[in-house]
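Here the structure is laid out as C-alpha cells; the discussion comes afterwards.
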There are 2 protein chains.
Amino acid sequence: MEKPKTIDEIDTPAVLIDIDRATANIARAQAYADKHGIKLRPHIKTHKLPFWAEKQLQAGATGITCQKIGEAEVFADAGITDIFLPYNILGSAKLERLKALHERATLSVTVDSRATIAGLAATFADSERPLTVLVECDTGGGRCGVQSAAEVLALAQQIRQHPGLVFGGLMTFPPVGKQEETDAWLAAARDALAAEGIDCARITSGGTPGMWGYGGSTIITEYRPGTYIYMDRYQVARGAATAEDCALTVLATVVSHPTATRAVLDSGSKALTSDTLGMEGFGEIVGKPGALVTGLSEEHGVVTLSDGATLSVGERVRVLPNHCCVVTNLFDQVYFVSGDKVVDVMPVAARGRVG
Amino acid sequence: MEKPKTIDEIDTPAVLIDIDRATANIARAQAYADKHGIKLRPHIKTHKLPFWAEKQLQAGATGITCQKIGEAEVFADAGITDIFLPYNILGSAKLERLKALHERATLSVTVDSRATIAGLAATFADSERPLTVLVECDTGGGRCGVQSAAEVLALAQQIRQHPGLVFGGLMTFPPVGKQEETDAWLAAARDALAAEGIDCARITSGGTPGMWGYGGSTIITEYRPGTYIYMDRYQVARGAATAEDCALTVLATVVSHPTATRAVLDSGSKALTSDTLGMEGFGEIVGKPGALVTGLSEEHGVVTLSDGATLSVGERVRVLPNHCCVVTNLFDQVYFVSGDKVVDVMPVAARGRVG
C-alpha cells in the first residue's frame, strides 16, 4: 500500500500519533526531571517503538524501562544498551533469554522474593558481568513488592551473597497522589539498609499521573513515566495533561446511526480496549463534546450523543481513548502525523511481546 | 524455537486450546442446529484460524461469519468461499477490497442505512455477480440496526432498485434471553416485506449465550455463534457451557506473592483483556476455587486468594478468562493441546485485522 499523504487517505480504524505533541511531551518531561536533578528512565510500553526511545535518550533520558524480556530484546536489537526490567524474571526459558540479553546490553531487574533471587543467582553465577538487582517495594500500589523495610533488608542481603548479582537499590510503582507516604516508606528501607552498611545506588519510582509532583520527592533518584509521551483521556482526567497534549487518537468511521442519540463507530474493544480506569465510557470524540463512547463490543463502539452533539453515517472522527498504552498494543502499525499530513507509517516493533 | 512436547515446556503467558474440547463443542453445536433444521454459520472472530473454520464446515456449517474485511480476506485466502460480513461496509478503500474479494468468494453483507446502500450500489453497479445484502435489525441488542419493520421495508426496497445488489433477508444480533421478543420483531418485518411481495431468503441471528434456545425460534433460518467453539467464564456464568466445555485457557506463572491473600501472575490486560462482561474479576484459576484475578495492569494479574486457596511463586497455573475471543486477538500464536501433550503451535492467522 502506498503511504497516505494526509489523514483523509487513511482507512479506519487507525492509530494516529501527533509527532509534534509527542516531541513536546518528551521535552517537557525531561526538562522537569533535569530541573529537579532526577534521572528520567521512560517506560517504552506506551509507544513500543525504538524511534521514540532514541528521541527520549537524545533528550537526556538515562536509559529505558521495559516490562517484558520480549520488549527488551526488540530495543536491544535497535542498539539501546541500558534497559531496566522492573519485573520478577522466573523460569528457565526467560532466565536463559535474560542472560543472553545481558551479554549485549546492560540490564537491571527487580525481585520481591527469595525464589526470584534464587533463579537469578543460579543463572548468573558464572556470568562475566554481574546483574544489577533492585528490590521492589509495595509502597501502597497493591501490586508486587515486599511489604516492609525488614523484608527489603533481608532480600538485599541475600542478593549480596551471590557473586553474579549486585544489589542496585529500590524500585516502586507508587500509589497515585501519595508522594509523602511513598517517600517515607522508601526512606525507612534506605535507612534500614544504611544501618547495615548497604548503599542504595538507585531509588526509582514511576507513573505518569504523579509525574509533575515527583520533583518534590526527598528520596527518589530516578523516575519511569510511560504514558506521558502520548497522554490520554485518563491522564487528562487526573490533571497530568491537557486535551491539547494528547498525541494518540484512534481514527474511526461512523458506520451506523440507529437512533437520534445513538451512533456506532467501526472501533470497538479491538481498537480502544475495554479499559475504563474507573471512568465513565471508553473514549471521547475529539471536538465533539457530548459524544461519548459508552459501549464496546469487539468491532463496534456505541456512542451516546447528548448536549446537541451530532454525527452522520460515513463521518470520520478521532477518538481520544482512555488508555493509550493498551491501544498501541492492538495495532500492527501507527501513523505519524503532523497537522493533517502523514509523516510516516511505523510498524509497532514491540507489539504483542507478552513474554 | 522447537515445538514443546508438553504443556510443561511452554513459556508463559501462552494460550492453550484443548482440541478435544473444541472439537466436541463444534459437534454439539452442529447437532443442535441440525436437529432444529437451522443452518449454522459460525463466527470466526473467536478462533481466527482457517484450521477451525475447515472443521466447522466439515461438521456441516453452511458458511462462516467474519466481522471485518481483513478477516474475510484471510479466510478466502485459505479457500473458504461462503463468507457473511454482518457489517456496514463504508468508504472507498473498504468498498474496493469488498469488490475484489467478492470476485473470489461469495460474500453477503448487511446494511442499516441508505448511506451504506448507496456506497455498495455504486461499487457493485457493474459487477458481474451481484452482492447479497441483508438488513440489520435492532431487535433490542442496542447496537446497530434499524428500529422498525417500516425501516426494514424501506431499505429492502432501496436495495432492490440497484442491479448490482440482491436483497437477502434479515440479520440481528439479539438481546440475550429474549427469543420471543426477537422472533416477534423479525416476524413483523418479514410480514411487512411479504405484504409488498418481497421474500426473506435468510433470517439470521447469533450469539453463543442464546445458542441452546434458538432451536425454539419460529422464524430464524440461520444462527451465527462464535464463542461456542472455545467457551469461557462468561458463557459458564450464563449457563451456555460448563467449566469442562471450556477449551481456551491462559497458561500463566505466579511471579509474586506479596501478602497472604495476594498473588500476582505474569498475565495482565495484555493477556486476559480488561473485559468484565458485568462479572466480578477478570478470570479464575482452573482447579483453584477461591483464586480470582481481581486486578489487572498490562503485565500483572493480581489474584485475591480466599477460601484456603494457595499459590506459590514460580507455580504455573491455567486461567479461564472472562472472554476468549478478545484473548485470541492478543497473541501471535496459540498452542493446541490434548491432555498435557502439545499437538501443534498455530499462528493466529486473522489476529489484529481491525479494518
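For the C-alpha cells, the naming scheme is as follows: chains receive sequential letters (A, B, ...) according to their order of presentation, residues are indexed from 1 within each chain, and ligands are indexed from 1 in presentation order.
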Segment 285-296 of chain B environment, 8 Å, only C-alpha atoms, sequence neighbours closer than 3 positions dropped, as a ChimeraX atom specification = /B:268-269,274,280-282,299-310,317-320
Contacts of segment 233-250 of chain A at 10 Å (only C-alpha atoms; same-chain gap of 3+ positions) as number ranges by chain = A: 12-25, 47, 176-177, 208-213, 227-230, 253, 267, 271-272, 276-279, 282-286, 317-325, 327-328, 334-337
Residues of chain A near chain B: apply a cut-off of 7 Å, count only C-alpha atoms, and supply the list as a ChimeraX atom specification.
-> /A:11-13,88,90,93,112,115,143-147,255-256,258,264,270,274-275,302,313-314,330-331,352,354-355
Contacts of Leu107 of chain A at 8 Å or less, counting only C-alpha atoms, minus same-chain residues fewer than 5 places along, as a PDB file with C-alpha atoms, in the first residue's frame?
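Final file, around16.pdb:
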ATOM      1  CA  THR A  81      22.115  -0.578  25.780  1.00  0.00           C
ATOM      2  CA  ASP A  82      20.744   0.493  29.184  1.00  0.00           C
ATOM      3  CA  ILE A  83      17.493  -1.330  29.919  1.00  0.00           C
ATOM      4  CA  PHE A  84      15.652  -1.709  33.225  1.00  0.00           C
ATOM      5  CA  LEU A  85      13.219  -4.610  33.588  1.00  0.00           C
ATOM      6  CA  LEU A 101      20.425 -10.323  26.503  1.00  0.00           C
ATOM      7  CA  HIS A 102      22.712  -9.141  29.296  1.00  0.00           C
ATOM      8  CA  LEU A 131      23.437  -8.458  37.006  1.00  0.00           C
ATOM      9  CA  THR A 132      22.113  -5.456  38.915  1.00  0.00           C
TER      10      THR A 132
END
Name the residues of segment 79-122 of chain A that fall into helix (DSSP H, G or I) according to DSSP on the backbone, using the chain letters and numbers of this document, as a tab-separated table (two decimals) with C-alpha atoms, in the first residue's frame.
chain	number	residue	atom	x	y	z
A	92	SER	CA	14.46	-21.37	32.88
A	93	ALA	CA	13.33	-20.15	29.44
A	94	LYS	CA	13.17	-16.49	30.48
A	95	LEU	CA	16.32	-16.70	32.61
A	96	GLU	CA	18.30	-18.01	29.63
A	97	ARG	CA	16.98	-15.19	27.46
A	98	LEU	CA	17.81	-12.68	30.18
A	99	LYS	CA	21.37	-13.97	30.40
A	100	ALA	CA	21.83	-13.85	26.62
A	101	LEU	CA	20.43	-10.32	26.50
A	102	HIS	CA	22.71	-9.14	29.30
A	114	ARG	CA	13.77	-15.32	47.58
A	115	ALA	CA	12.50	-17.59	44.82
A	116	THR	CA	13.22	-14.97	42.16
A	117	ILE	CA	16.68	-14.25	43.60
A	118	ALA	CA	17.50	-17.96	43.60
A	119	GLY	CA	16.75	-18.27	39.89
A	120	LEU	CA	18.79	-15.18	39.00
A	121	ALA	CA	21.68	-16.29	41.22
A	122	ALA	CA	21.88	-19.70	39.59
Grab the atom CA of Ala27 of chain A to atom CA of Gly207 of chain A distance for me, in Å with one decimal place.
->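 One can read the atom CA of Ala27 of chain A to atom CA of Gly207 of chain A distance as 17.0 Å.
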Give the answer as one residue: which of B:Leu165, B:Cys66, B:Leu49, B:Leu40 has the shortest atom-to-atom distance to Gly215 of chain B, using only C-alpha atoms?
->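 Smallest separation from Gly215 of chain B among the options: B:Leu40.
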Using only C-alpha atoms, the best pick from B:Pro130, B:Pro347, B:Gly206, B:Pro86 as closest to Pro42 of chain B would be B:Gly206
Contact residues around Val152 of chain A with only C-alpha atoms at 12 Å, ignoring same-chain residues under 3 positions, as a ChimeraX atom specification | /A:110-114,134-139,145-149,155-159,167-172,185-194,196,198,200
Would you put the residues from that selection into a file with N, CA and C atoms, as a tab-separated table (two decimals), in the first residue's frame?
chain	number	residue	atom	x	y	z
A	110	THR	N	14.25	-6.40	38.88
A	110	THR	CA	13.79	-6.31	40.26
A	110	THR	C	13.38	-7.69	40.78
A	111	VAL	N	13.34	-7.80	42.10
A	111	VAL	CA	12.86	-9.02	42.76
A	111	VAL	C	12.01	-8.60	43.97
A	112	ASP	N	11.12	-9.48	44.36
A	112	ASP	CA	10.42	-9.27	45.63
A	112	ASP	C	10.29	-10.58	46.41
A	113	SER	N	11.10	-11.59	46.02
A	113	SER	CA	11.04	-12.86	46.74
A	113	SER	C	12.37	-13.59	46.64
A	114	ARG	N	12.57	-14.49	47.59
A	114	ARG	CA	13.77	-15.32	47.58
A	114	ARG	C	13.77	-16.25	46.38
A	134	LEU	N	17.42	-4.81	41.83
A	134	LEU	CA	16.78	-3.91	42.79
A	134	LEU	C	15.67	-4.66	43.51
A	135	VAL	N	15.32	-4.20	44.69
A	135	VAL	CA	14.21	-4.82	45.42
A	135	VAL	C	12.94	-4.00	45.18
A	136	GLU	N	11.87	-4.69	44.75
A	136	GLU	CA	10.60	-4.00	44.52
A	136	GLU	C	9.87	-3.82	45.84
A	137	CYS	N	9.36	-2.60	46.05
A	137	CYS	CA	8.71	-2.23	47.32
A	137	CYS	C	7.24	-1.89	47.05
A	138	ASP	N	6.34	-2.50	47.78
A	138	ASP	CA	4.92	-2.16	47.67
A	138	ASP	C	4.64	-1.00	48.62
A	139	THR	N	4.75	0.21	48.09
A	139	THR	CA	4.57	1.40	48.92
A	139	THR	C	3.10	1.82	49.00
A	145	GLY	N	5.76	-6.45	45.23
A	145	GLY	CA	6.65	-5.71	46.13
A	145	GLY	C	6.59	-6.19	47.56
A	146	VAL	N	7.75	-6.11	48.22
A	146	VAL	CA	7.80	-6.50	49.64
A	146	VAL	C	7.04	-5.47	50.47
A	147	GLN	N	6.68	-5.91	51.67
A	147	GLN	CA	5.75	-5.13	52.49
A	147	GLN	C	6.43	-4.29	53.58
A	148	SER	N	7.74	-4.47	53.78
A	148	SER	CA	8.38	-3.75	54.90
A	148	SER	C	9.86	-3.53	54.64
A	149	ALA	N	10.42	-2.60	55.39
A	149	ALA	CA	11.86	-2.33	55.31
A	149	ALA	C	12.65	-3.56	55.72
A	155	LEU	N	16.16	-9.27	51.65
A	155	LEU	CA	16.41	-9.62	50.24
A	155	LEU	C	17.72	-9.00	49.75
A	156	ALA	N	18.01	-7.77	50.16
A	156	ALA	CA	19.27	-7.13	49.75
A	156	ALA	C	20.45	-7.96	50.23
A	157	GLN	N	20.36	-8.44	51.45
A	157	GLN	CA	21.45	-9.26	51.99
A	157	GLN	C	21.59	-10.56	51.21
A	158	GLN	N	20.45	-11.11	50.81
A	158	GLN	CA	20.53	-12.34	50.03
A	158	GLN	C	21.16	-12.08	48.66
A	159	ILE	N	20.74	-11.01	48.01
A	159	ILE	CA	21.32	-10.65	46.70
A	159	ILE	C	22.84	-10.54	46.80
A	167	PHE	N	23.45	-5.78	44.30
A	167	PHE	CA	22.27	-5.07	44.80
A	167	PHE	C	22.28	-3.64	44.26
A	168	GLY	N	21.17	-3.25	43.62
A	168	GLY	CA	21.17	-1.97	42.92
A	168	GLY	C	20.32	-0.88	43.55
A	169	GLY	N	19.46	-1.24	44.52
A	169	GLY	CA	18.63	-0.21	45.13
A	169	GLY	C	17.17	-0.62	45.24
A	170	LEU	N	16.30	0.39	45.24
A	170	LEU	CA	14.88	0.17	45.49
A	170	LEU	C	14.04	0.62	44.30
A	171	MET	N	12.97	-0.11	44.05
A	171	MET	CA	12.04	0.24	42.97
A	171	MET	C	10.62	0.20	43.52
A	172	THR	N	9.79	1.16	43.11
A	172	THR	CA	8.37	1.09	43.46
A	172	THR	C	7.51	1.57	42.30
A	185	TRP	N	8.09	5.55	53.18
A	185	TRP	CA	8.30	4.09	53.07
A	185	TRP	C	9.71	3.80	52.58
A	186	LEU	N	10.07	4.48	51.48
A	186	LEU	CA	11.38	4.23	50.87
A	186	LEU	C	12.53	4.68	51.79
A	187	ALA	N	12.32	5.78	52.50
A	187	ALA	CA	13.36	6.28	53.41
A	187	ALA	C	13.61	5.28	54.54
A	188	ALA	N	12.55	4.67	55.04
A	188	ALA	CA	12.72	3.67	56.10
A	188	ALA	C	13.53	2.48	55.59
A	189	ALA	N	13.27	2.09	54.36
A	189	ALA	CA	14.02	0.96	53.78
A	189	ALA	C	15.47	1.36	53.55
A	190	ARG	N	15.68	2.54	53.02
A	190	ARG	CA	17.06	3.02	52.79
A	190	ARG	C	17.83	3.08	54.11
A	191	ASP	N	17.15	3.57	55.14
A	191	ASP	CA	17.82	3.70	56.44
A	191	ASP	C	18.14	2.34	57.05
A	192	ALA	N	17.23	1.38	56.87
A	192	ALA	CA	17.48	0.02	57.38
A	192	ALA	C	18.69	-0.58	56.68
A	193	LEU	N	18.82	-0.30	55.39
A	193	LEU	CA	19.98	-0.79	54.64
A	193	LEU	C	21.26	-0.08	55.10
A	194	ALA	N	21.17	1.25	55.26
A	194	ALA	CA	22.35	2.04	55.66
A	194	ALA	C	22.87	1.59	57.02
A	196	GLU	N	23.04	-1.23	58.04
A	196	GLU	CA	23.86	-2.43	57.83
A	196	GLU	C	24.99	-2.18	56.83
A	198	ILE	N	24.76	-0.93	53.82
A	198	ILE	CA	24.40	-1.23	52.42
A	198	ILE	C	23.90	0.05	51.74
A	200	CYS	N	22.22	2.37	48.71
A	200	CYS	CA	21.16	2.33	47.69
A	200	CYS	C	21.56	3.21	46.52
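With atom CA of Gly70 of chain A on one side and atom CA of Ala349 of chain A on the other, the separation reads 10.6 Å.
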Which one of B:Ala29, B:Val109, B:Ala72, B:Ile220 sits closest to Glu180 of chain B if you count only C-alpha atoms?
->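 Using only C-alpha atoms, Glu180 of chain B sits closest to B:Ile220.
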